[in-house]
Structures are given as structure tokens and as C-alpha cells.
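Here's start-v7.cif, which has mmCIF, C-alpha atoms:
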```cif
data_query
#
loop_
_atom_site.group_PDB
_atom_site.id
_atom_site.type_symbol
_atom_site.label_atom_id
_atom_site.label_comp_id
_atom_site.auth_asym_id
_atom_site.auth_seq_id
_atom_site.Cartn_x
_atom_site.Cartn_y
_atom_site.Cartn_z
ATOM 1 C CA MET A 229 -9.816 10.385 33.494
ATOM 2 C CA ASN A 230 -12.850 8.227 32.696
ATOM 3 C CA GLY A 231 -11.328 6.018 29.957
ATOM 4 C CA ILE A 232 -13.291 7.819 27.250
ATOM 5 C CA VAL A 233 -11.458 9.827 24.585
ATOM 6 C CA SER A 234 -12.994 13.266 24.105
ATOM 7 C CA GLY A 235 -12.399 15.581 21.142
ATOM 8 C CA GLY A 236 -9.623 14.575 18.799
ATOM 9 C CA TRP A 237 -11.037 15.880 15.492
ATOM 10 C CA GLU A 238 -7.594 17.290 14.627
ATOM 11 C CA PHE A 239 -6.194 13.727 14.651
ATOM 12 C CA VAL A 240 -9.064 12.523 12.463
ATOM 13 C CA TRP A 241 -8.528 15.290 9.885
ATOM 14 C CA ALA A 242 -4.757 14.700 9.922
ATOM 15 C CA ALA A 243 -5.219 10.961 9.251
ATOM 16 C CA TYR A 244 -7.640 11.558 6.348
ATOM 17 C CA LEU A 245 -5.523 14.343 4.824
ATOM 18 C CA ILE A 246 -2.253 12.406 4.991
ATOM 19 C CA SER A 247 -3.975 9.304 3.552
ATOM 20 C CA ALA A 248 -5.328 11.316 0.605
ATOM 21 C CA ILE A 249 -1.952 12.972 -0.043
ATOM 22 C CA ILE A 250 -0.012 9.687 0.027
ATOM 23 C CA VAL A 251 -2.504 7.594 -2.017
ATOM 24 C CA PHE A 252 -3.347 10.165 -4.687
ATOM 25 C CA GLY A 253 0.169 11.624 -4.731
ATOM 26 C CA TYR A 254 1.622 8.191 -5.466
ATOM 27 C CA ALA A 255 -1.093 7.486 -8.059
ATOM 28 C CA ALA A 256 -0.423 10.814 -9.826
ATOM 29 C CA ARG A 257 3.339 10.185 -9.818
ATOM 30 C CA THR A 258 2.873 6.692 -11.282
ATOM 31 C CA PHE A 259 0.577 7.943 -14.066
ATOM 32 C CA SER A 260 2.859 10.870 -14.935
ATOM 33 C CA ARG A 261 5.920 8.571 -15.002
ATOM 34 C CA ALA A 262 4.057 6.197 -17.354
ATOM 35 C CA ARG A 263 3.080 9.106 -19.610
ATOM 36 C CA GLY A 264 6.668 10.384 -19.668
ATOM 37 C CA GLN A 265 7.997 6.973 -20.661
ATOM 38 C CA ARG A 266 5.725 6.533 -23.730
ATOM 39 C CA MET B 189 -1.078 0.943 -24.404
ATOM 40 C CA SER B 190 -3.591 3.557 -23.197
ATOM 41 C CA ASN B 191 -3.935 4.470 -19.525
ATOM 42 C CA ARG B 192 -7.557 5.548 -19.962
ATOM 43 C CA ILE B 193 -9.100 2.438 -18.357
ATOM 44 C CA PRO B 194 -6.800 2.552 -15.266
ATOM 45 C CA LEU B 195 -7.522 6.291 -14.987
ATOM 46 C CA ALA B 196 -11.286 5.608 -15.082
ATOM 47 C CA ILE B 197 -10.773 2.982 -12.338
ATOM 48 C CA VAL B 198 -8.907 5.565 -10.214
ATOM 49 C CA VAL B 199 -11.761 8.061 -10.678
ATOM 50 C CA ALA B 200 -14.327 5.384 -9.658
ATOM 51 C CA GLY B 201 -12.176 4.545 -6.621
ATOM 52 C CA ALA B 202 -11.870 8.228 -5.686
ATOM 53 C CA ILE B 203 -15.672 8.642 -5.834
ATOM 54 C CA LEU B 204 -16.117 5.653 -3.507
ATOM 55 C CA LEU B 205 -13.441 7.004 -1.146
ATOM 56 C CA ILE B 206 -15.132 10.424 -1.018
ATOM 57 C CA ALA B 207 -18.542 8.823 -0.365
ATOM 58 C CA GLY B 208 -17.143 6.443 2.278
ATOM 59 C CA SER B 209 -15.194 9.211 4.004
ATOM 60 C CA TYR B 210 -18.243 11.503 4.015
ATOM 61 C CA TYR B 211 -20.328 8.728 5.628
ATOM 62 C CA GLY B 212 -17.555 7.991 8.141
ATOM 63 C CA LEU B 213 -16.995 11.636 9.077
ATOM 64 C CA ALA B 214 -20.531 13.061 8.928
ATOM 65 C CA ILE B 215 -23.097 10.245 9.283
ATOM 66 C CA SER B 216 -21.575 7.474 11.426
ATOM 67 C CA PRO B 217 -21.934 8.065 15.173
ATOM 68 C CA PRO B 218 -18.836 8.401 17.410
ATOM 69 C CA GLU B 219 -17.765 5.170 19.120
ATOM 70 C CA GLU B 220 -18.720 4.721 22.789
ATOM 71 C CA HIS B 221 -15.185 4.724 24.266
ATOM 72 C CA MET B 222 -12.903 6.207 21.584
ATOM 73 C CA GLY B 223 -15.314 8.954 20.552
ATOM 74 C CA GLU B 224 -14.519 10.873 17.381
ATOM 75 C CA VAL B 225 -10.987 9.469 16.902
ATOM 76 C CA GLN B 226 -12.497 6.056 16.104
ATOM 77 C CA ARG B 227 -13.331 7.561 12.665
ATOM 78 C CA ILE B 228 -9.652 7.010 11.780
ATOM 79 C CA MET B 229 -10.630 3.323 11.527
ATOM 80 C CA TYR B 230 -12.413 4.024 8.197
ATOM 81 C CA VAL B 231 -9.081 4.804 6.543
ATOM 82 C CA HIS B 232 -6.714 2.756 8.730
ATOM 83 C CA VAL B 233 -8.405 -0.662 8.444
ATOM 84 C CA PRO B 234 -8.947 -0.495 4.625
ATOM 85 C CA THR B 235 -5.249 0.457 4.308
ATOM 86 C CA ALA B 236 -4.295 -2.577 6.431
ATOM 87 C CA TRP B 237 -6.497 -4.940 4.364
ATOM 88 C CA CYS B 238 -5.124 -3.554 1.081
ATOM 89 C CA ALA B 239 -1.530 -3.805 2.367
ATOM 90 C CA MET B 240 -2.072 -7.474 3.255
ATOM 91 C CA LEU B 241 -3.625 -8.127 -0.189
ATOM 92 C CA VAL B 242 -0.775 -6.360 -2.030
ATOM 93 C CA LEU B 243 1.850 -8.243 0.005
ATOM 94 C CA THR B 244 0.119 -11.538 -0.807
ATOM 95 C CA TYR B 245 -0.003 -10.501 -4.483
ATOM 96 C CA ALA B 246 3.746 -9.712 -4.324
ATOM 97 C CA PHE B 247 4.375 -13.163 -2.821
ATOM 98 C CA GLY B 248 2.316 -14.756 -5.630
ATOM 99 C CA CYS B 249 4.220 -12.795 -8.312
ATOM 100 C CA ALA B 250 7.584 -13.708 -6.745
ATOM 101 C CA THR B 251 6.884 -17.445 -6.528
ATOM 102 C CA THR B 252 5.364 -17.522 -10.039
ATOM 103 C CA PHE B 253 8.431 -15.731 -11.433
ATOM 104 C CA LEU B 254 10.782 -18.160 -9.684
ATOM 105 C CA PHE B 255 8.909 -21.153 -11.164
ATOM 106 C CA THR B 256 8.272 -19.778 -14.683
ATOM 107 C CA ASN B 257 11.007 -17.130 -15.276
ATOM 108 C CA ARG B 258 8.408 -15.071 -17.159
ATOM 109 C CA TRP B 259 9.243 -11.359 -17.117
ATOM 110 C CA SER B 260 5.616 -10.253 -16.830
ATOM 111 C CA TRP B 261 5.620 -11.602 -13.248
ATOM 112 C CA ASP B 262 8.747 -9.600 -12.452
ATOM 113 C CA HIS B 263 7.031 -6.426 -13.706
ATOM 114 C CA ARG B 264 4.021 -7.138 -11.492
ATOM 115 C CA LEU B 265 6.378 -7.881 -8.587
ATOM 116 C CA GLU B 266 8.131 -4.503 -9.031
ATOM 117 C CA ALA B 267 4.753 -2.742 -8.926
ATOM 118 C CA ALA B 268 3.625 -4.731 -5.870
ATOM 119 C CA ILE B 269 6.859 -4.108 -3.911
ATOM 120 C CA GLU B 270 6.590 -0.339 -4.407
ATOM 121 C CA MET B 271 2.885 -0.345 -3.498
ATOM 122 C CA ALA B 272 3.613 -2.459 -0.387
ATOM 123 C CA VAL B 273 6.117 0.172 0.777
ATOM 124 C CA VAL B 274 3.587 2.987 0.218
ATOM 125 C CA LEU B 275 0.775 1.151 2.051
ATOM 126 C CA CYS B 276 2.938 -0.029 4.989
ATOM 127 C CA LEU B 277 4.269 3.516 5.419
ATOM 128 C CA LEU B 278 0.744 4.951 5.303
ATOM 129 C CA LEU B 279 -0.446 2.288 7.762
ATOM 130 C CA SER B 280 2.305 3.222 10.231
ATOM 131 C CA VAL B 281 1.567 6.960 9.938
ATOM 132 C CA GLN B 282 -2.202 6.456 10.408
ATOM 133 C CA GLY B 283 -1.493 4.135 13.350
ATOM 134 C CA ALA B 284 0.743 6.732 15.025
ATOM 135 C CA ILE B 285 -1.934 9.440 14.581
ATOM 136 C CA TRP B 286 -4.560 7.133 16.139
ATOM 137 C CA ALA B 287 -2.201 5.986 18.922
ATOM 138 C CA LYS B 288 -1.495 9.476 20.270
ATOM 139 C CA PRO B 289 -5.036 10.351 21.486
ATOM 140 C CA THR B 290 -5.912 6.778 22.572
ATOM 141 C CA TRP B 291 -2.657 5.415 24.058
ATOM 142 C CA GLY B 292 -0.988 8.775 24.813
ATOM 143 C CA VAL B 293 2.084 7.984 22.675
ATOM 144 C CA TRP B 294 2.890 8.162 18.956
ATOM 145 C CA TRP B 295 4.850 4.914 19.036
ATOM 146 C CA ASP B 296 5.270 1.872 21.276
ATOM 147 C CA TRP B 297 7.329 -1.307 20.844
ATOM 148 C CA ASP B 298 4.085 -3.217 20.731
ATOM 149 C CA PRO B 299 4.097 -6.570 18.823
ATOM 150 C CA ARG B 300 1.717 -5.330 16.070
ATOM 151 C CA LEU B 301 3.552 -2.033 15.527
ATOM 152 C CA THR B 302 6.967 -3.668 15.648
ATOM 153 C CA THR B 303 6.093 -6.437 13.177
ATOM 154 C CA VAL B 304 4.647 -3.858 10.731
ATOM 155 C CA ALA B 305 7.850 -1.785 11.102
ATOM 156 C CA VAL B 306 9.883 -4.919 10.288
ATOM 157 C CA LEU B 307 7.680 -5.509 7.216
ATOM 158 C CA LEU B 308 8.131 -1.904 6.056
ATOM 159 C CA SER B 309 11.918 -2.096 6.542
ATOM 160 C CA ALA B 310 12.090 -5.407 4.651
ATOM 161 C CA PHE B 311 10.196 -4.059 1.631
ATOM 162 C CA VAL B 312 12.126 -0.764 1.618
ATOM 163 C CA GLY B 313 15.239 -2.966 1.464
ATOM 164 C CA ILE B 314 13.823 -5.044 -1.418
ATOM 165 C CA ALA B 315 12.872 -1.860 -3.328
ATOM 166 C CA ALA B 316 16.429 -0.534 -2.782
ATOM 167 C CA LEU B 317 17.852 -3.869 -3.982
ATOM 168 C CA ARG B 318 15.867 -3.556 -7.218
ATOM 169 C CA HIS B 319 17.118 -0.010 -7.629
ATOM 170 C CA PHE B 320 20.804 -0.825 -7.244
ATOM 171 C CA VAL B 321 21.131 -4.126 -9.157
ATOM 172 C CA ASP B 322 21.676 -3.477 -12.874
ATOM 173 C CA ASP B 323 21.521 -7.045 -14.214
ATOM 174 C CA PRO B 324 17.789 -7.682 -14.915
ATOM 175 C CA MET B 325 17.931 -11.438 -14.226
ATOM 176 C CA LYS B 326 19.833 -11.083 -10.935
ATOM 177 C CA ARG B 327 17.512 -8.215 -9.925
ATOM 178 C CA ALA B 328 14.397 -10.252 -10.627
ATOM 179 C CA THR B 329 15.621 -13.438 -8.949
ATOM 180 C CA TRP B 330 17.100 -11.793 -5.861
ATOM 181 C CA SER B 331 14.081 -9.594 -5.262
ATOM 182 C CA ALA B 332 11.697 -12.535 -5.767
ATOM 183 C CA VAL B 333 13.613 -14.625 -3.199
ATOM 184 C CA ALA B 334 13.744 -11.643 -0.797
ATOM 185 C CA THR B 335 9.981 -11.110 -1.221
ATOM 186 C CA VAL B 336 9.256 -14.749 -0.355
ATOM 187 C CA ILE B 337 11.439 -14.412 2.781
ATOM 188 C CA GLY B 338 9.911 -11.011 3.691
ATOM 189 C CA TYR B 339 6.388 -12.408 3.326
ATOM 190 C CA ILE B 340 7.014 -14.692 6.342
ATOM 191 C CA ASP B 341 6.331 -11.588 8.476
ATOM 192 C CA VAL B 342 2.777 -11.135 7.085
ATOM 193 C CA PRO B 343 1.080 -13.941 9.093
ATOM 194 C CA ILE B 344 3.152 -12.848 12.116
ATOM 195 C CA VAL B 345 1.694 -9.303 11.744
ATOM 196 C CA TYR B 346 -1.843 -10.725 11.491
ATOM 197 C CA PHE B 347 -1.582 -13.062 14.493
ATOM 198 C CA SER B 348 0.630 -10.765 16.626
ATOM 199 C CA VAL B 349 -2.383 -9.389 18.528
ATOM 200 C CA LYS B 350 -3.508 -12.944 19.375
ATOM 201 C CA TRP B 351 -0.113 -14.461 20.165
ATOM 202 C CA TRP B 352 1.258 -11.690 22.384
ATOM 203 C CA ASN B 353 -0.078 -9.234 24.922
ATOM 204 C CA SER B 354 -0.669 -6.229 22.667
ATOM 205 C CA LEU B 355 -1.901 -2.679 23.105
ATOM 206 C CA HIS B 356 -3.399 -2.945 19.620
ATOM 207 C CA GLN B 357 -7.032 -3.984 19.337
ATOM 208 C CA LYS B 358 -7.764 -7.577 18.253
ATOM 209 C CA GLN B 359 -9.680 -8.262 15.024
ATOM 210 C CA SER B 360 -13.399 -7.498 15.440
ATOM 211 C CA ASN B 361 -16.221 -9.888 14.669
ATOM 212 C CA PHE B 362 -18.364 -8.263 11.945
ATOM 213 C CA SER B 363 -21.562 -9.681 13.412
ATOM 214 C CA THR B 364 -21.059 -7.484 16.492
ATOM 215 C CA VAL B 365 -20.194 -4.286 14.559
ATOM 216 C CA SER B 366 -22.921 -1.725 13.810
ATOM 217 C CA ARG B 367 -24.056 -1.241 10.181
ATOM 218 C CA ASP B 368 -23.188 2.480 10.483
ATOM 219 C CA PHE B 369 -19.554 1.482 11.060
ATOM 220 C CA LEU B 370 -19.454 -1.199 8.353
ATOM 221 C CA ILE B 371 -20.809 0.995 5.488
ATOM 222 C CA PRO B 372 -17.925 3.537 5.465
ATOM 223 C CA LEU B 373 -15.414 0.783 6.220
ATOM 224 C CA PHE B 374 -16.315 -1.364 3.201
ATOM 225 C CA THR B 375 -16.974 1.620 0.892
ATOM 226 C CA ASN B 376 -13.479 2.966 1.600
ATOM 227 C CA PHE B 377 -12.003 -0.519 1.221
ATOM 228 C CA ALA B 378 -13.623 -0.906 -2.223
ATOM 229 C CA GLY B 379 -12.459 2.580 -3.260
ATOM 230 C CA LEU B 380 -8.872 2.049 -2.108
ATOM 231 C CA LEU B 381 -8.772 -1.382 -3.753
ATOM 232 C CA LEU B 382 -9.836 0.150 -7.089
ATOM 233 C CA VAL B 383 -7.221 2.922 -6.864
ATOM 234 C CA ILE B 384 -4.349 0.592 -5.990
ATOM 235 C CA SER B 385 -5.387 -1.970 -8.641
ATOM 236 C CA ALA B 386 -5.216 0.696 -11.358
ATOM 237 C CA VAL B 387 -1.872 1.988 -10.066
ATOM 238 C CA LEU B 388 -0.469 -1.571 -9.986
ATOM 239 C CA ILE B 389 -1.457 -2.057 -13.660
ATOM 240 C CA VAL B 390 0.186 1.205 -14.764
ATOM 241 C CA ARG B 391 3.303 0.650 -12.618
ATOM 242 C CA ALA B 392 3.792 -2.870 -14.048
ATOM 243 C CA ARG B 393 3.638 -1.397 -17.579
ATOM 244 C CA THR B 394 6.302 1.154 -16.605
ATOM 245 C CA ALA B 395 8.505 -1.679 -15.330
ATOM 246 C CA ALA B 396 8.013 -3.569 -18.616
ATOM 247 C CA LEU B 397 9.027 -0.512 -20.661
ATOM 248 C CA ARG B 398 12.108 0.025 -18.503
ATOM 249 C CA LEU B 399 13.208 -3.596 -19.037
ATOM 250 C CA GLN B 400 12.674 -3.211 -22.772
ATOM 251 C CA GLU B 401 14.974 -0.158 -22.749
ATOM 252 C CA GLU B 402 17.570 -2.036 -20.685
ATOM 253 C CA ILE B 403 17.790 -5.091 -22.940
ATOM 254 C CA THR B 404 17.659 -3.176 -26.230
ATOM 255 C CA PRO B 405 21.298 -2.913 -27.404
ATOM 256 C CA PRO B 406 22.627 0.651 -27.861
ATOM 257 C CA PRO B 407 23.184 1.772 -31.490
ATOM 258 C CA MET B 408 26.573 0.751 -32.948
ATOM 259 C CA ILE B 409 29.138 3.547 -33.368
ATOM 260 C CA GLY B 410 29.273 2.817 -37.104
ATOM 261 C CA GLU B 411 25.503 3.063 -37.453
ATOM 262 C CA THR B 412 25.483 6.360 -35.603
ATOM 263 C CA ALA B 413 28.303 7.673 -37.812
ATOM 264 C CA GLU B 414 26.371 6.648 -40.926
ATOM 265 C CA GLU B 415 23.350 8.531 -39.671
ATOM 266 C CA PHE B 416 25.430 11.673 -39.349
ATOM 267 C CA ALA B 417 27.185 11.162 -42.719
#
```

So, in terms of C-alpha cells, how does the structure I just supplied come out?
Amino acid sequence: MNGIVSGGWEFVWAAYLISAIIVFGYAARTFSRARGQR
Amino acid sequence: MSNRIPLAIVVAGAILLIAGSYYGLAISPPEEHMGEVQRIMYVHVPTAWCAMLVLTYAFGCATTFLFTNRWSWDHRLEAAIEMAVVLCLLLSVQGAIWAKPTWGVWWDWDPRLTTVAVLLSAFVGIAALRHFVDDPMKRATWSAVATVIGYIDVPIVYFSVKWWNSLHQKQSNFSTVSRDFLIPLFTNFAGLLLVISAVLIVRARTAALRLQEEITPPPMIGETAEEFA
């Protein structure tokens, strides 16, 4: 234990992937709902 | 009304997010103590800034509706409440993913994490309130009042790391942060801001159309019978 975090790329990829899914998933749902309503 | 302009804004935002993420993942150096996991900052901090902006926008829409009773502000409020839930949820998930390799736990009853959880719960409650109240005027007024009350937690979230002993890092001073860290941070912030702005516009239009459907009286039985005659 030296107080320095080593590795951890799997956490980085998980954070980016989940962010993309939530942001663009919500955006796509909002646009499709708007299209369905017109 | 066409959704072409909001869609173009989303595409512009997506391009900025891809560029910012590429810079953050491939060009920026790892941080001295946190190493590679510090790269989560390039999505976590822009999400936090956007969440604070959307919550402030929701507060502005709520107070303006309460003073003016104009429906357009209620439509914007509906969009902002839903977006606040999405961003606070995303913020909590990103925070948990970052916490595990740095603190050794996914969750801690830390002041910053707890106050964000309270904020998320409050806005989930307000979104549920809007879903279950049928009367448009009651729905608009109650949710506007609840938003104003819920917003009290926003400054508490911001100052929580200064007021209490927190595991969470305090706000950094930009003058001490390397340019290689600031470029992906602000590029992703600009991209996310564009995407959420476009979604807020489209979502407010959807809310307006729903209200129009709600207040339009159903066809009279006689009229319907005449149509079939």
C-alpha cells in the first residue's frame, strides 16, 4: 500500500459506457416520444 | 414544430463528447496519485456541473410559474425535473464506480454522497407527483412548490465538502490544474450541455402537447353518433 491507485481501466471504461448509455438512451427515448406524439 | 434543430444540437454535442473523451482517455496523462481512474473525472465533473445547472433551471421555471401562472414554464419545469433525475442518477452511479478503486467501497454515508442521494430522492418524488396528479393546475402548482423546497438541498450539496469532514475531494482551483486535464473536462462539459439543452427543448414540447390533449374536451356522444350516421 503506497497510497497510489494502480490499474483500474475497467472502472474507467464502465463509467464512460454507462454515461453514454444513460445520456444517449434518454435522448433517444425523448426524441422518439416526441415523434410518436406528433 | 420540427425537431431537426435540436437533433443537430445533439449531434454537435455528441461530436464534442467523443473528442473530449478521446482526449481524456488517450492523450491526458494519468494523475499522480489516482492514476488511470482519475479519467472518470472527465465525465463525472461535467455531469455534476450540468446537474447543478439543470436544477437551477428547474428552480427558475418553478418560481416563474408560481408568479406568472404561464403554462410554458410548467412545460419547461417538467422537462427539467426529468432531466435532473437522469443526471443525479448518473452522477451517483459514476461516483460509486470512482469510489470503489479509490476509497475501497461503492458507497459511504459521506456528506456529499448523502446530500446528492437526498436530492435524487426528492426529484424522483416530484416526478412521481407529476405522474400521479391528473388535474393540470394542481400538478403544476404542487410540483413547482416541491421543486422550490427540493432546491434548498443544492447549495448544501455544493458546500457539503467544505462544511463537513468529507471523503469527497473539495472543489479544485483551475489555476492549479494542468491544461491537459482542463481540455477534456471543458470539451465534455460543452458537449453534455448541448445534448441536455436539446433534450430539454424537445421534452418541454412533449409536455405542452400532452397538456393540450388533456384540456381538449372529448367529442360529444351526439357528435360521434352523427359521424357514424

| message | Around (9.5, -11.5, -14.3), as given in the file, which residues come within 12 Å? Count only C-alpha atoms and list them as number ranges by chain. | response | B: 246, 248-267, 324-332, 392, 395-396, 399

| request: List the residues matched by the PyMOL selection byres ((chain A) within 6 of (chain B)) in the displayed structure as a PyMOL selection string, ordered by chain and then by residue number. | output: chain A and resi 232-233+236+240+243+255+262

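Here atom CA of Asp296 of chain B is placed at a distance of 8.7 Å from atom CA of Leu355 of chain B.
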
Please report, as JSON, the centre and edge lengths in Å to one decimal of an axis-aligned box covering all listed atoms of segment 219-237 of chain B with 5 Å per side.
```
{"center_x": -11.5, "center_y": 3.0, "center_z": 14.3, "size_x": 24.4, "size_y": 25.8, "size_z": 30.0}
```

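Closest approach to Tyr254 of chain A from the set B:Val199, B:Val345, B:Val233, B:Val273 is made by B:Val273, with distances taken over only C-alpha atoms.
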
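Interatomic distance, atom CA of Gly212 of chain B against atom CA of Ser385 of chain B: 23.0 Å.
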
Could you give me segment 196-230 of chain B completed to N, CA and C atoms, formatted as a PDB file, in the frame of the given file?
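part_22.pdb written:
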```
ATOM      1  N   ALA B 196      -9.851   5.681 -15.402  1.00  0.00           N
ATOM      2  CA  ALA B 196     -11.286   5.608 -15.082  1.00  0.00           C
ATOM      3  C   ALA B 196     -11.498   4.825 -13.783  1.00  0.00           C
ATOM      4  N   ILE B 197     -10.668   3.779 -13.584  1.00  0.00           N
ATOM      5  CA  ILE B 197     -10.773   2.982 -12.338  1.00  0.00           C
ATOM      6  C   ILE B 197     -10.375   3.837 -11.138  1.00  0.00           C
ATOM      7  N   VAL B 198      -9.337   4.668 -11.309  1.00  0.00           N
ATOM      8  CA  VAL B 198      -8.907   5.565 -10.214  1.00  0.00           C
ATOM      9  C   VAL B 198     -10.029   6.550  -9.874  1.00  0.00           C
ATOM     10  N   VAL B 199     -10.677   7.096 -10.912  1.00  0.00           N
ATOM     11  CA  VAL B 199     -11.761   8.061 -10.678  1.00  0.00           C
ATOM     12  C   VAL B 199     -12.916   7.369  -9.923  1.00  0.00           C
ATOM     13  N   ALA B 200     -13.263   6.134 -10.352  1.00  0.00           N
ATOM     14  CA  ALA B 200     -14.327   5.384  -9.658  1.00  0.00           C
ATOM     15  C   ALA B 200     -13.937   5.138  -8.196  1.00  0.00           C
ATOM     16  N   GLY B 201     -12.668   4.776  -7.985  1.00  0.00           N
ATOM     17  CA  GLY B 201     -12.176   4.545  -6.621  1.00  0.00           C
ATOM     18  C   GLY B 201     -12.228   5.814  -5.785  1.00  0.00           C
ATOM     19  N   ALA B 202     -11.861   6.945  -6.405  1.00  0.00           N
ATOM     20  CA  ALA B 202     -11.870   8.228  -5.686  1.00  0.00           C
ATOM     21  C   ALA B 202     -13.296   8.601  -5.271  1.00  0.00           C
ATOM     22  N   ILE B 203     -14.259   8.334  -6.166  1.00  0.00           N
ATOM     23  CA  ILE B 203     -15.672   8.642  -5.834  1.00  0.00           C
ATOM     24  C   ILE B 203     -16.120   7.807  -4.630  1.00  0.00           C
ATOM     25  N   LEU B 204     -15.754   6.521  -4.648  1.00  0.00           N
ATOM     26  CA  LEU B 204     -16.117   5.653  -3.507  1.00  0.00           C
ATOM     27  C   LEU B 204     -15.432   6.131  -2.218  1.00  0.00           C
ATOM     28  N   LEU B 205     -14.169   6.532  -2.335  1.00  0.00           N
ATOM     29  CA  LEU B 205     -13.441   7.004  -1.146  1.00  0.00           C
ATOM     30  C   LEU B 205     -14.060   8.287  -0.582  1.00  0.00           C
ATOM     31  N   ILE B 206     -14.489   9.184  -1.483  1.00  0.00           N
ATOM     32  CA  ILE B 206     -15.132  10.424  -1.018  1.00  0.00           C
ATOM     33  C   ILE B 206     -16.458  10.091  -0.324  1.00  0.00           C
ATOM     34  N   ALA B 207     -17.246   9.198  -0.949  1.00  0.00           N
ATOM     35  CA  ALA B 207     -18.542   8.823  -0.365  1.00  0.00           C
ATOM     36  C   ALA B 207     -18.357   8.128   0.990  1.00  0.00           C
ATOM     37  N   GLY B 208     -17.404   7.184   1.035  1.00  0.00           N
ATOM     38  CA  GLY B 208     -17.143   6.443   2.278  1.00  0.00           C
ATOM     39  C   GLY B 208     -16.632   7.362   3.384  1.00  0.00           C
ATOM     40  N   SER B 209     -15.750   8.292   3.002  1.00  0.00           N
ATOM     41  CA  SER B 209     -15.194   9.211   4.004  1.00  0.00           C
ATOM     42  C   SER B 209     -16.269  10.170   4.506  1.00  0.00           C
ATOM     43  N   TYR B 210     -17.142  10.622   3.596  1.00  0.00           N
ATOM     44  CA  TYR B 210     -18.243  11.503   4.015  1.00  0.00           C
ATOM     45  C   TYR B 210     -19.136  10.775   5.027  1.00  0.00           C
ATOM     46  N   TYR B 211     -19.479   9.522   4.712  1.00  0.00           N
ATOM     47  CA  TYR B 211     -20.328   8.728   5.628  1.00  0.00           C
ATOM     48  C   TYR B 211     -19.624   8.552   6.985  1.00  0.00           C
ATOM     49  N   GLY B 212     -18.321   8.227   6.907  1.00  0.00           N
ATOM     50  CA  GLY B 212     -17.555   7.991   8.141  1.00  0.00           C
ATOM     51  C   GLY B 212     -17.374   9.232   8.989  1.00  0.00           C
ATOM     52  N   LEU B 213     -17.246  10.397   8.333  1.00  0.00           N
ATOM     53  CA  LEU B 213     -16.995  11.636   9.077  1.00  0.00           C
ATOM     54  C   LEU B 213     -18.282  12.339   9.509  1.00  0.00           C
ATOM     55  N   ALA B 214     -19.337  12.236   8.669  1.00  0.00           N
ATOM     56  CA  ALA B 214     -20.531  13.061   8.928  1.00  0.00           C
ATOM     57  C   ALA B 214     -21.757  12.270   9.380  1.00  0.00           C
ATOM     58  N   ILE B 215     -21.856  10.990   8.987  1.00  0.00           N
ATOM     59  CA  ILE B 215     -23.097  10.245   9.283  1.00  0.00           C
ATOM     60  C   ILE B 215     -22.908   9.232  10.415  1.00  0.00           C
ATOM     61  N   SER B 216     -21.799   8.489  10.379  1.00  0.00           N
ATOM     62  CA  SER B 216     -21.575   7.474  11.426  1.00  0.00           C
ATOM     63  C   SER B 216     -21.477   8.131  12.801  1.00  0.00           C
ATOM     64  N   PRO B 217     -22.033   7.479  13.817  1.00  0.00           N
ATOM     65  CA  PRO B 217     -21.934   8.065  15.173  1.00  0.00           C
ATOM     66  C   PRO B 217     -20.538   7.836  15.764  1.00  0.00           C
ATOM     67  N   PRO B 218     -20.118   8.670  16.743  1.00  0.00           N
ATOM     68  CA  PRO B 218     -18.836   8.401  17.410  1.00  0.00           C
ATOM     69  C   PRO B 218     -18.915   7.105  18.222  1.00  0.00           C
ATOM     70  N   GLU B 219     -17.789   6.423  18.370  1.00  0.00           N
ATOM     71  CA  GLU B 219     -17.765   5.170  19.120  1.00  0.00           C
ATOM     72  C   GLU B 219     -17.866   5.456  20.625  1.00  0.00           C
ATOM     73  N   GLU B 220     -18.409   4.510  21.363  1.00  0.00           N
ATOM     74  CA  GLU B 220     -18.720   4.721  22.789  1.00  0.00           C
ATOM     75  C   GLU B 220     -17.502   5.132  23.627  1.00  0.00           C
ATOM     76  N   HIS B 221     -16.360   4.453  23.426  1.00  0.00           N
ATOM     77  CA  HIS B 221     -15.185   4.724  24.266  1.00  0.00           C
ATOM     78  C   HIS B 221     -14.155   5.640  23.581  1.00  0.00           C
ATOM     79  N   MET B 222     -13.941   5.417  22.283  1.00  0.00           N
ATOM     80  CA  MET B 222     -12.903   6.207  21.584  1.00  0.00           C
ATOM     81  C   MET B 222     -13.438   7.516  21.022  1.00  0.00           C
ATOM     82  N   GLY B 223     -14.729   7.694  21.032  1.00  0.00           N
ATOM     83  CA  GLY B 223     -15.314   8.954  20.552  1.00  0.00           C
ATOM     84  C   GLY B 223     -15.043   9.199  19.092  1.00  0.00           C
ATOM     85  N   GLU B 224     -14.701  10.468  18.783  1.00  0.00           N
ATOM     86  CA  GLU B 224     -14.519  10.873  17.381  1.00  0.00           C
ATOM     87  C   GLU B 224     -13.296  10.220  16.735  1.00  0.00           C
ATOM     88  N   VAL B 225     -12.226   9.982  17.511  1.00  0.00           N
ATOM     89  CA  VAL B 225     -10.987   9.469  16.902  1.00  0.00           C
ATOM     90  C   VAL B 225     -11.160   8.076  16.304  1.00  0.00           C
ATOM     91  N   GLN B 226     -12.239   7.379  16.691  1.00  0.00           N
ATOM     92  CA  GLN B 226     -12.497   6.056  16.104  1.00  0.00           C
ATOM     93  C   GLN B 226     -12.730   6.162  14.594  1.00  0.00           C
ATOM     94  N   ARG B 227     -13.086   7.376  14.117  1.00  0.00           N
ATOM     95  CA  ARG B 227     -13.331   7.561  12.665  1.00  0.00           C
ATOM     96  C   ARG B 227     -12.071   7.310  11.839  1.00  0.00           C
ATOM     97  N   ILE B 228     -10.905   7.338  12.493  1.00  0.00           N
ATOM     98  CA  ILE B 228      -9.652   7.010  11.780  1.00  0.00           C
ATOM     99  C   ILE B 228      -9.695   5.560  11.271  1.00  0.00           C
ATOM    100  N   MET B 229     -10.499   4.730  11.936  1.00  0.00           N
ATOM    101  CA  MET B 229     -10.630   3.323  11.527  1.00  0.00           C
ATOM    102  C   MET B 229     -11.053   3.190  10.064  1.00  0.00           C
ATOM    103  N   TYR B 230     -11.883   4.144   9.564  1.00  0.00           N
ATOM    104  CA  TYR B 230     -12.413   4.024   8.197  1.00  0.00           C
ATOM    105  C   TYR B 230     -11.348   4.242   7.123  1.00  0.00           C
TER     106      TYR B 230
END
```
